[in-house]
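A.B. asks: Next comes entry_19.cif, mmCIF, C-alpha atoms:
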```cif
data_start
loop_
_atom_site.label_atom_id
_atom_site.label_comp_id
_atom_site.auth_asym_id
_atom_site.auth_seq_id
_atom_site.Cartn_x
_atom_site.Cartn_y
_atom_site.Cartn_z
CA PHE A 1 26.73 -25.20 2.13
CA PRO A 2 24.73 -24.24 -1.00
CA SER A 3 26.77 -22.69 -3.79
CA THR A 4 24.22 -20.92 -6.01
CA PHE A 5 22.22 -17.73 -5.54
CA ASN A 6 18.84 -19.49 -5.62
CA GLU A 7 19.90 -22.14 -3.13
CA ILE A 8 21.57 -19.68 -0.76
CA LEU A 9 18.44 -17.53 -0.86
CA LYS A 10 16.48 -20.43 0.63
CA LEU A 11 18.51 -20.23 3.85
CA LYS A 12 16.64 -18.74 6.78
CA GLY A 13 17.39 -15.05 7.30
CA VAL A 14 19.29 -14.61 4.03
CA GLY A 15 18.07 -11.88 1.69
CA LYS A 16 18.72 -11.27 -1.99
CA TYR A 17 21.71 -8.96 -1.47
CA THR A 18 23.49 -11.33 0.92
CA ALA A 19 22.75 -14.35 -1.27
CA ALA A 20 24.11 -12.55 -4.34
CA ALA A 21 27.24 -11.36 -2.52
CA ILE A 22 28.05 -14.88 -1.28
CA ALA A 23 27.28 -16.55 -4.60
CA SER A 24 29.41 -14.09 -6.59
CA ILE A 25 32.35 -13.64 -4.22
CA ALA A 26 32.66 -17.18 -2.86
CA PHE A 27 31.41 -19.20 -5.84
CA CYS A 28 32.01 -16.85 -8.80
CA GLU A 29 28.38 -16.93 -9.94
CA LYS A 30 27.46 -14.10 -12.29
CA VAL A 31 24.85 -12.36 -10.16
CA ALA A 32 24.73 -8.71 -9.08
CA ALA A 33 24.82 -7.98 -5.33
CA VAL A 34 22.46 -5.06 -5.65
CA ASP A 35 22.23 -2.76 -2.63
CA GLY A 36 21.80 0.98 -2.07
CA ASN A 37 25.24 1.72 -3.51
CA PHE A 38 24.45 -0.33 -6.61
CA TYR A 39 21.15 1.50 -7.08
CA ARG A 40 22.90 4.84 -6.93
CA VAL A 41 25.79 3.98 -9.27
CA LEU A 42 23.59 2.30 -11.87
CA SER A 43 20.90 4.95 -11.69
CA ARG A 44 23.48 7.65 -12.41
CA LEU A 45 25.45 5.65 -14.94
CA PHE A 46 22.32 5.11 -17.07
CA ALA A 47 20.51 8.30 -15.95
CA ASP A 48 17.65 5.99 -15.03
CA ASN A 49 15.01 7.32 -12.64
CA PHE A 50 13.37 3.98 -11.82
CA ASP A 51 11.90 4.28 -8.33
CA ILE A 52 14.28 2.46 -5.97
CA SER A 53 11.43 1.96 -3.49
CA ASN A 54 9.54 -0.15 -6.02
CA SER A 55 9.25 -3.83 -5.10
CA ARG A 56 10.81 -4.64 -8.48
CA ALA A 57 13.89 -2.48 -7.90
CA PHE A 58 16.25 -5.40 -7.14
CA GLN A 59 15.19 -7.23 -10.29
CA TYR A 60 15.27 -4.07 -12.42
CA PHE A 61 18.74 -2.92 -11.37
CA SER A 62 20.06 -6.47 -11.53
CA GLY A 63 19.10 -6.34 -15.19
CA LEU A 64 21.07 -3.12 -15.66
CA ALA A 65 24.07 -4.62 -13.86
CA ASP A 66 24.00 -7.61 -16.21
CA LEU A 67 24.60 -5.21 -19.10
CA ILE A 68 28.01 -4.21 -17.78
CA MET A 69 29.02 -7.17 -15.59
CA PRO A 70 31.89 -9.27 -17.02
CA GLU A 71 31.37 -12.98 -17.60
CA LYS A 72 34.05 -13.77 -15.05
CA GLU A 73 35.13 -12.11 -11.78
CA ALA A 74 31.57 -11.28 -10.73
CA GLY A 75 32.70 -11.08 -7.12
CA SER A 76 35.39 -8.51 -7.90
CA PHE A 77 32.87 -6.52 -9.95
CA ASN A 78 30.37 -6.47 -7.07
CA GLN A 79 32.97 -5.40 -4.53
CA ALA A 80 34.21 -2.68 -6.87
CA MET A 81 30.67 -1.36 -7.34
CA MET A 82 30.10 -1.36 -3.58
CA ASP A 83 33.32 0.56 -2.99
CA LEU A 84 32.58 2.97 -5.84
CA GLY A 85 29.15 3.74 -4.40
CA SER A 86 30.37 4.24 -0.84
CA GLU A 87 33.59 6.14 -1.53
CA VAL A 88 33.08 8.04 -4.81
CA CYS A 89 29.49 7.99 -6.06
CA LYS A 90 28.15 9.31 -2.76
CA PRO A 91 24.52 10.28 -2.13
CA LYS A 92 25.53 13.91 -1.64
CA ASN A 93 28.53 15.65 -3.15
CA PRO A 94 29.65 12.76 -5.36
CA LEU A 95 33.33 12.86 -6.39
CA CYS A 96 32.58 12.77 -10.11
CA HIS A 97 36.04 14.01 -11.12
CA ASP A 98 37.62 11.01 -9.41
CA CYS A 99 35.17 8.47 -10.83
CA PRO A 100 36.55 5.89 -13.29
CA LEU A 101 33.11 5.73 -14.93
CA GLN A 102 32.91 9.47 -15.56
CA ASP A 103 33.26 9.23 -19.37
CA ASP A 104 30.38 6.74 -19.56
CA CYS A 105 28.11 8.29 -16.94
CA ARG A 106 25.00 9.76 -18.53
CA ALA A 107 23.92 11.62 -15.41
CA TYR A 108 27.32 13.32 -15.22
CA SER A 109 27.21 14.21 -18.92
CA ILE A 110 23.95 16.12 -18.41
CA ARG A 111 25.19 17.62 -15.10
CA LYS A 112 22.44 15.97 -13.06
CA ALA A 113 24.26 13.33 -11.04
CA THR A 114 22.63 14.33 -7.77
CA ASP A 115 19.16 14.03 -9.32
CA PHE A 116 19.61 10.26 -9.38
CA PRO A 117 18.37 7.96 -8.08
CA ASP A 118 14.88 9.37 -8.05
CA LYS A 119 14.15 10.69 -4.58
CA LEU A 120 11.51 8.70 -2.78
CA LYS A 121 8.48 10.85 -2.05
CA ILE A 122 7.18 9.75 1.34
CA THR A 123 3.48 10.34 1.86
CA LYS A 124 2.55 11.01 5.45
CA VAL A 125 0.21 8.43 6.95
CA GLU A 126 -2.96 10.05 8.26
CA ASN A 127 -5.06 8.82 11.15
CA LEU A 128 -8.77 9.04 10.40
CA ALA A 129 -11.70 8.31 12.72
CA LEU A 130 -15.06 7.31 11.24
CA SER A 131 -18.34 6.77 13.07
CA TYR A 132 -21.21 4.78 11.56
CA GLN A 133 -24.69 3.67 12.62
CA PHE A 134 -25.86 0.24 11.57
CA ILE A 135 -29.60 0.93 11.69
CA TYR A 136 -31.76 -2.09 10.99
CA HIS A 137 -35.29 -3.44 11.06
CA GLN A 138 -35.69 -7.19 10.82
CA ASN A 139 -33.65 -8.26 7.78
CA GLN A 140 -33.07 -4.78 6.31
CA PHE A 141 -30.52 -2.07 7.11
CA LEU A 142 -30.03 1.51 5.95
CA VAL A 143 -27.29 2.55 3.54
CA LYS A 144 -26.23 5.38 1.30
CA GLN A 145 -23.74 5.68 -1.55
CA ARG A 146 -20.57 7.69 -1.11
CA ASP A 147 -19.66 10.39 -3.59
CA THR A 148 -16.39 10.58 -5.55
CA SER A 149 -14.44 12.59 -2.96
CA ASP A 150 -11.96 11.17 -0.47
CA ILE A 151 -11.75 7.41 0.20
CA TRP A 152 -14.03 4.60 -0.98
CA LYS A 153 -15.39 6.47 -3.98
CA LYS A 154 -18.95 5.46 -4.97
CA LEU A 155 -19.03 2.57 -2.50
CA PHE A 156 -21.99 2.02 -0.19
CA GLU A 157 -21.79 2.73 3.52
CA PHE A 158 -23.92 2.91 6.67
CA PRO A 159 -25.48 6.20 7.88
CA LYS A 160 -23.44 8.65 9.92
CA ASP A 161 -24.39 11.33 12.46
CA ILE A 162 -28.14 10.64 12.45
CA ASN A 163 -29.94 12.25 15.38
CA LEU A 164 -32.03 9.48 16.94
CA GLU A 165 -33.12 11.31 20.10
CA VAL A 166 -36.76 11.62 19.00
CA ILE A 167 -36.89 8.26 17.25
CA PRO A 168 -37.84 5.13 19.21
CA HIS A 169 -34.86 2.80 18.96
CA LEU A 170 -32.76 0.31 20.84
CA PHE A 171 -29.02 0.83 21.05
CA GLU A 172 -27.53 -2.67 21.19
CA ASN A 173 -23.76 -2.25 21.13
CA GLU A 174 -20.80 -0.45 19.61
CA LYS A 175 -17.92 -2.07 17.79
CA LEU A 176 -14.50 -0.53 17.16
CA ILE A 177 -12.65 -1.65 14.03
CA LYS A 178 -9.13 -0.73 12.95
CA HIS A 179 -8.37 -0.83 9.26
CA LYS A 180 -5.33 0.23 7.22
CA LEU A 181 -5.32 1.83 3.80
CA THR A 182 -2.19 2.77 1.86
CA HIS A 183 -1.80 6.18 3.50
CA ARG A 184 -4.55 6.07 6.12
CA ASN A 185 -4.97 4.39 9.47
CA LEU A 186 -8.71 4.12 10.07
CA GLU A 187 -10.45 3.75 13.40
CA ILE A 188 -14.06 2.89 12.66
CA SER A 189 -16.79 2.97 15.28
CA ILE A 190 -20.08 1.22 14.39
CA SER A 191 -23.16 1.53 16.61
CA LYS A 192 -25.73 -1.23 16.18
CA ILE A 193 -29.25 0.24 16.40
CA LEU A 194 -32.54 -1.59 16.18
CA ILE A 195 -35.75 0.14 15.07
CA GLU A 196 -38.59 -2.23 15.84
CA ASP A 197 -41.40 -0.22 14.23
CA LYS A 198 -41.45 -0.58 10.46
CA SER A 199 -43.15 2.76 9.79
CA THR A 200 -40.48 4.56 11.86
CA PHE A 201 -37.77 2.76 9.93
CA GLU A 202 -39.32 3.74 6.60
CA LYS A 203 -39.80 7.34 7.69
CA LEU A 204 -36.15 7.66 8.71
CA LYS A 205 -35.14 6.11 5.42
CA ASN A 206 -37.25 8.45 3.28
CA GLU A 207 -36.48 11.66 5.18
CA ASN A 208 -32.75 11.11 4.80
CA GLU A 209 -32.88 9.66 1.29
CA PHE A 210 -31.34 6.40 2.40
CA LEU A 211 -31.67 3.03 0.76
CA SER A 212 -32.51 -0.17 2.60
CA PHE A 213 -30.90 -3.46 1.69
CA THR A 214 -31.45 -7.04 2.63
CA PHE A 215 -28.37 -9.26 2.83
CA ASP A 216 -28.89 -10.57 -0.71
CA GLN A 217 -29.35 -7.05 -2.07
CA ALA A 218 -26.23 -5.81 -0.26
CA GLU A 219 -24.19 -8.63 -1.73
CA GLN A 220 -24.95 -7.25 -5.19
CA LYS A 221 -23.37 -3.91 -4.24
CA SER A 222 -19.87 -2.81 -3.27
CA PHE A 223 -19.04 -1.88 0.31
CA PRO A 224 -15.73 -0.98 1.97
CA LYS A 225 -14.24 -4.18 3.36
CA PRO A 226 -14.65 -3.36 7.08
CA LEU A 227 -18.35 -2.50 6.57
CA HIS A 228 -18.90 -5.56 4.42
CA ASP A 229 -17.31 -7.76 7.09
CA TYR A 230 -19.53 -6.15 9.71
CA TYR A 231 -22.87 -6.88 8.05
CA ILE A 232 -21.70 -10.35 7.05
CA LYS A 233 -21.32 -11.13 10.77
CA TYR A 234 -24.76 -9.64 11.51
CA PHE A 235 -26.46 -11.94 9.03
CA SER A 236 -24.38 -15.03 9.83
#
```
Would you mind giving the structure from this file in structure tokens?
C.D. replies:
Amino acid sequence: FPSTFNEILKLKGVGKYTAAAIASIAFCEKVAAVDGNFYRVLSRLFADNFDISNSRAFQYFSGLADLIMPEKEAGSFNQAMMDLGSEVCKPKNPLCHDCPLQDDCRAYSIRKATDFPDKLKITKVENLALSYQFIYHQNQFLVKQRDTSDIWKKLFEFPKDINLEVIPHLFENEKLIKHKLTHRNLEISISKILIEDKSTFEKLKNENEFLSFTFDQAEQKSFPKPLHDYYIKYFS
């Protein structure tokens, strides 16, 4: 069985916390077994509001733990910190008066223990439906540039909501694309529409102040990824 944190971490299904706990308790390696209790104790002890949801949280708080971890008995230190976090330094109503670290706790000294760690602000994920029209004539298609509001600021996109009832055209197909942004789930519908008559295509373009791009011209501009992938397939 591996005896160091880095080697234990290579085992299938073993995460950083488990690897650190085994390495420190079983093999006396000086490594912090950082978990939720550790985050809370260290955050309050140093009055440090580093976001515990950050992907670097384990590394960051491991660094803080190294500042106070003894050279020997790392396993005992980790177990003590776990117990302290679960029994005394609780998320709500911490028992500060019973805490052995009270004299050194910066959050307690400024009477803000419950303000740490920094509360994660969860942004609600929004579902958003978008409908586009890929209107083309031979090797050109219509586009417009987005403004600076909402998503995809200043990127180019296909037309939307164009009334084609009085315009000779051929509806070829419709494609549904699902795309995820940080706080948005997008469902994008793209209708592929052919306008065979060049003068009709140009009239639609001018009346709506669109631009028309060839593939090479489009590749010099910036499009949202799902729209870029769509026209790439059209020209391939």
A.B. asks: Can you tell me which residues surround region 96-111 of chain A at a distance of at most 9 Å, considering only C-alpha atoms, apart from same-chain residues fewer than 6 positions away, and format the answer as an MDAnalysis selection string?
C.D. replies: chainID A and resid 43:48 84 88:89
A.B. asks: Output the residue selection produced by the PyMOL selection byres ((chain A and resi 153-170) around 8) on the file above, formatted as a ChimeraX atom specification.
C.D. replies: /A:131-135,142-152,171-172,193-196,200,221-224,227
A.B. asks: Please work out which residues fall within 8 Å of (28.1, -4.4, -6.6), coordinates as given in the file, with only C-alpha atoms counting, and return them as a ChimeraX atom specification.
C.D. replies: /A:32-35,37-38,77-82
A.B. asks: With the PyMOL selection byres ((chain A and resi 184) around 8) as the selection, what would be picked from this file? Answer as a list in words, please.
C.D. replies: Val125, Glu126, Asn127, Leu128, Lys180, Leu181, Thr182, His183, Asn185 and Leu186 of chain A
A.B. asks: Let me know the residues the PyMOL selection byres ((chain A and resi 65) around 9) catches in the file above, as a compact mmCIF listing (two decimals) with C-alpha atoms, keeping the file's coordinate frame.
C.D. replies:
```txt
# COMPACT_ATOMS: atom_id res chain seq x y z
CA VAL A 31 24.85 -12.36 -10.16
CA ALA A 32 24.73 -8.71 -9.08
CA VAL A 34 22.46 -5.06 -5.65
CA PHE A 38 24.45 -0.33 -6.61
CA LEU A 42 23.59 2.30 -11.87
CA TYR A 60 15.27 -4.07 -12.42
CA PHE A 61 18.74 -2.92 -11.37
CA SER A 62 20.06 -6.47 -11.53
CA GLY A 63 19.10 -6.34 -15.19
CA LEU A 64 21.07 -3.12 -15.66
CA ASP A 66 24.00 -7.61 -16.21
CA LEU A 67 24.60 -5.21 -19.10
CA ILE A 68 28.01 -4.21 -17.78
CA MET A 69 29.02 -7.17 -15.59
```
A.B. asks: Give me, please, the distance in Å between CA of Val41 (chain A) and CA of Phe5 (chain A), quoted to one decimal.
C.D. replies: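 A separation of 22.3 Å between them.
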A.B. asks: Enumerate, as a VMD selection string, the protein, DNA and RNA residues whose atoms approach (-15.6, -0.5, 14.1) to within 6 Å, taking into account all atoms listed in the file and the coordinate frame of the file.
C.D. replies: chain A and resid 175 to 177 188 to 190
A.B. asks: Rank A:Ile8, A:Tyr136, A:Glu202, A:His179 by their smallest atom-to-atom distance to Phe215 (chain A), using only C-alpha atoms, and report the top residue only.
C.D. replies: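 Of A:Ile8, A:Tyr136, A:Glu202, A:His179, the one nearest Phe215 (chain A), counting only C-alpha atoms, is A:Tyr136.
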A.B. asks: Rounded to one decimal place, report the CA of Glu73 (chain A)-CA of Ala19 (chain A) distance in Å.
C.D. replies: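 About the pair CA of Glu73 (chain A) and CA of Ala19 (chain A): they are 16.4 Å apart.
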A.B. asks: By how many Å are CA of Cys28 (chain A) and CA of Lys90 (chain A) apart?
C.D. replies: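 Going from CA of Cys28 (chain A) over to CA of Lys90 (chain A), I get 27.1 Å.
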A.B. asks: Of the candidates A:Lys112, A:Phe50, A:Ser212, A:Ser24, which shows the shortest atom-to-atom distance to Pro70 (chain A), using all atoms listed in the file?
C.D. replies: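 Comparing A:Lys112, A:Phe50, A:Ser212, A:Ser24 against Pro70 (chain A), the winner is A:Ser24.
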A.B. asks: Restricting the calculation to all atoms listed in the file, which member of A:Leu9, A:Phe141, A:Lys192, A:Lys225 is positioned closest to Phe213 (chain A)?
C.D. replies: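 Among the listed residues, the smallest separation from Phe213 (chain A) belongs to A:Phe141.
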